[in-house]
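In what follows, a structure is listed as structure tokens, so that the remarks can point back to it.
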Amino acid sequence: MPGAALRYDVNLSILFTELPLLERPAAAAAAGFAAVELWWPFAEPAPPDRELDALHRALDDARVALVALNFDAGDMAAGERGLLSRPGGSARFRENVEVAVGFAAARGCTVLNALYGNRDVRAGEAAQRELAVQNLVLAARAAARVGATVVIEALNSVENPDYPITTSRDALALVDQLRFAHGVSNVAFLADLYHLARMGEPIAEVVAAWGSRFGHVQIADSPGRGQPGTGELDLPGVLNRLAFSGYDGWVGLEYRPVGPSADSFGWLPRELRAAGEAVR
């Protein structure tokens with residue numbers, strides 16, 4: 001049984017996308033899950049209250065917990081991968097911080113993902129790093145007020161050629177910079193095992209070495225980003241290792257289903273889908 005001691009949630013920004021956003025929490029609950037996560041689901045960094053309230057009602061009605069939420073990362077469909085390091089996106093990111101933190105706090109969500117942002121050749125790497133650190137400190141301080149952690153994700157360069165944080169070492173180095181140079185303690189590494197695998201990292205070794213430093217984990221099989229069993233990763237073995245690594249957070253299912261989303265969970269026994277903390 002894969003990672004039987006772990007807690008699993010469904011990413012509603014990539015699964016159940018055959019349904020409107022507000023119907024996805026109920027679909028996840030019907031599939032047996034007690035928890036979900038989301039990329040920033042709104043077109044604006046500070047959407048109208050009615051849109052925030054509608055999502056709150058959908059989560060309440062489905063009785064699912066929100067356990068991870070992305071800050072606004074820009075137009076992901078158009079290739080944007082975060083705003084915090086980009087001079088042209090920094091103001092939008094800052095406008096979103098209090099909104100995202102407030103929504104997370106209202107849901108009891110304690111993980112907020114801040115995507116770094118693509119390279120801007122006009123700004124330069126050093127200037128982008130400085131801006132990213134400033135914005136991460138701002139976001140982490142806001143998150144700390146509600147007991148949340150800001151996580152930093154590495155994306156693979158095969159599919160994200162302009163994204164500079166591409167390995168576990170890159171992400172951990174940024175976490176350490178924030179912790180030791182800026183005194184920010186509520187930051188951690190989001191280990192997306194799919195992206196790390198696409199970068200050729202030895203996943204079992206990464207989990208064994210760094211599992212206790214993970215702030216969140218996401219999975220998909222590689223290549224193809226399908227559900228476990230559709231690619232080459234030994235995800236059951238990796239998940240079992242993760243369960244003994246010191247990691248005590250959630251494992252987000254962030255894969256593209258092969259066929260209808262509801263039919264993609266056969267690899268995960270139903271009793272494990274509802275494991276974890278009580279929902280709201």
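Each chain in the structure tokens gets a letter, A, B and so on, in the order shown; residues start at 1 in every chain, and ligands are counted from 1 in the order they appear.
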
ask   = Quick one: residues within 10 Å of A:Arg270, only C-alpha atoms counted, chain neighbours fewer than 4 positions away excluded, as a ChimeraX atom specification?
value = /A:31-33,265-266,274-275

Please dump the current selection as a compact mmCIF listing (two decimals), in the first residue's frame; keep C-alpha atoms.
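Listed below is the output, again.txt:
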```
# COMPACT_ATOMS: atom_id res chain seq x y z
CA ALA A 31 -14.10 10.47 -4.79
CA GLY A 32 -13.33 9.99 -1.12
CA PHE A 33 -10.93 12.87 -0.40
CA PHE A 265 -7.44 7.22 -8.29
CA GLY A 266 -7.38 3.44 -8.53
CA ALA A 274 -9.84 10.51 3.62
CA ALA A 275 -6.90 10.10 6.00
```

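Counting only C-alpha atoms, A:Glu18 has the following residues at most 9 Å away, ignoring those fewer than 5 positions along the same chain: Arg24, Pro260 and Ser261 of chain A.
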
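The interatomic distance for the pair atom CA of A:Val207 and atom CA of A:Leu190 works out to 11.8 Å.
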
remark   = A straight line from atom CA of A:Thr17 to atom CA of A:Leu38 spans 11.6 Å

key: Minimum-distance residue to A:Gly183, chosen among A:Leu84, A:Val101, A:Asn113, A:Ala140 (using only C-alpha atoms)   = A:Ala140

inquiry  = Let's see if you can do this: from backbone DSSP, list all helix (DSSP H, G or I) residues in stretch 103-194 of chain A, as a PyMOL selection string.
reply    = chain A and resi 103-107+125-144+168-182+193-194

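Distance-wise, atom CA of A:Val151 and atom CA of A:Phe93 end up 15.0 Å apart.
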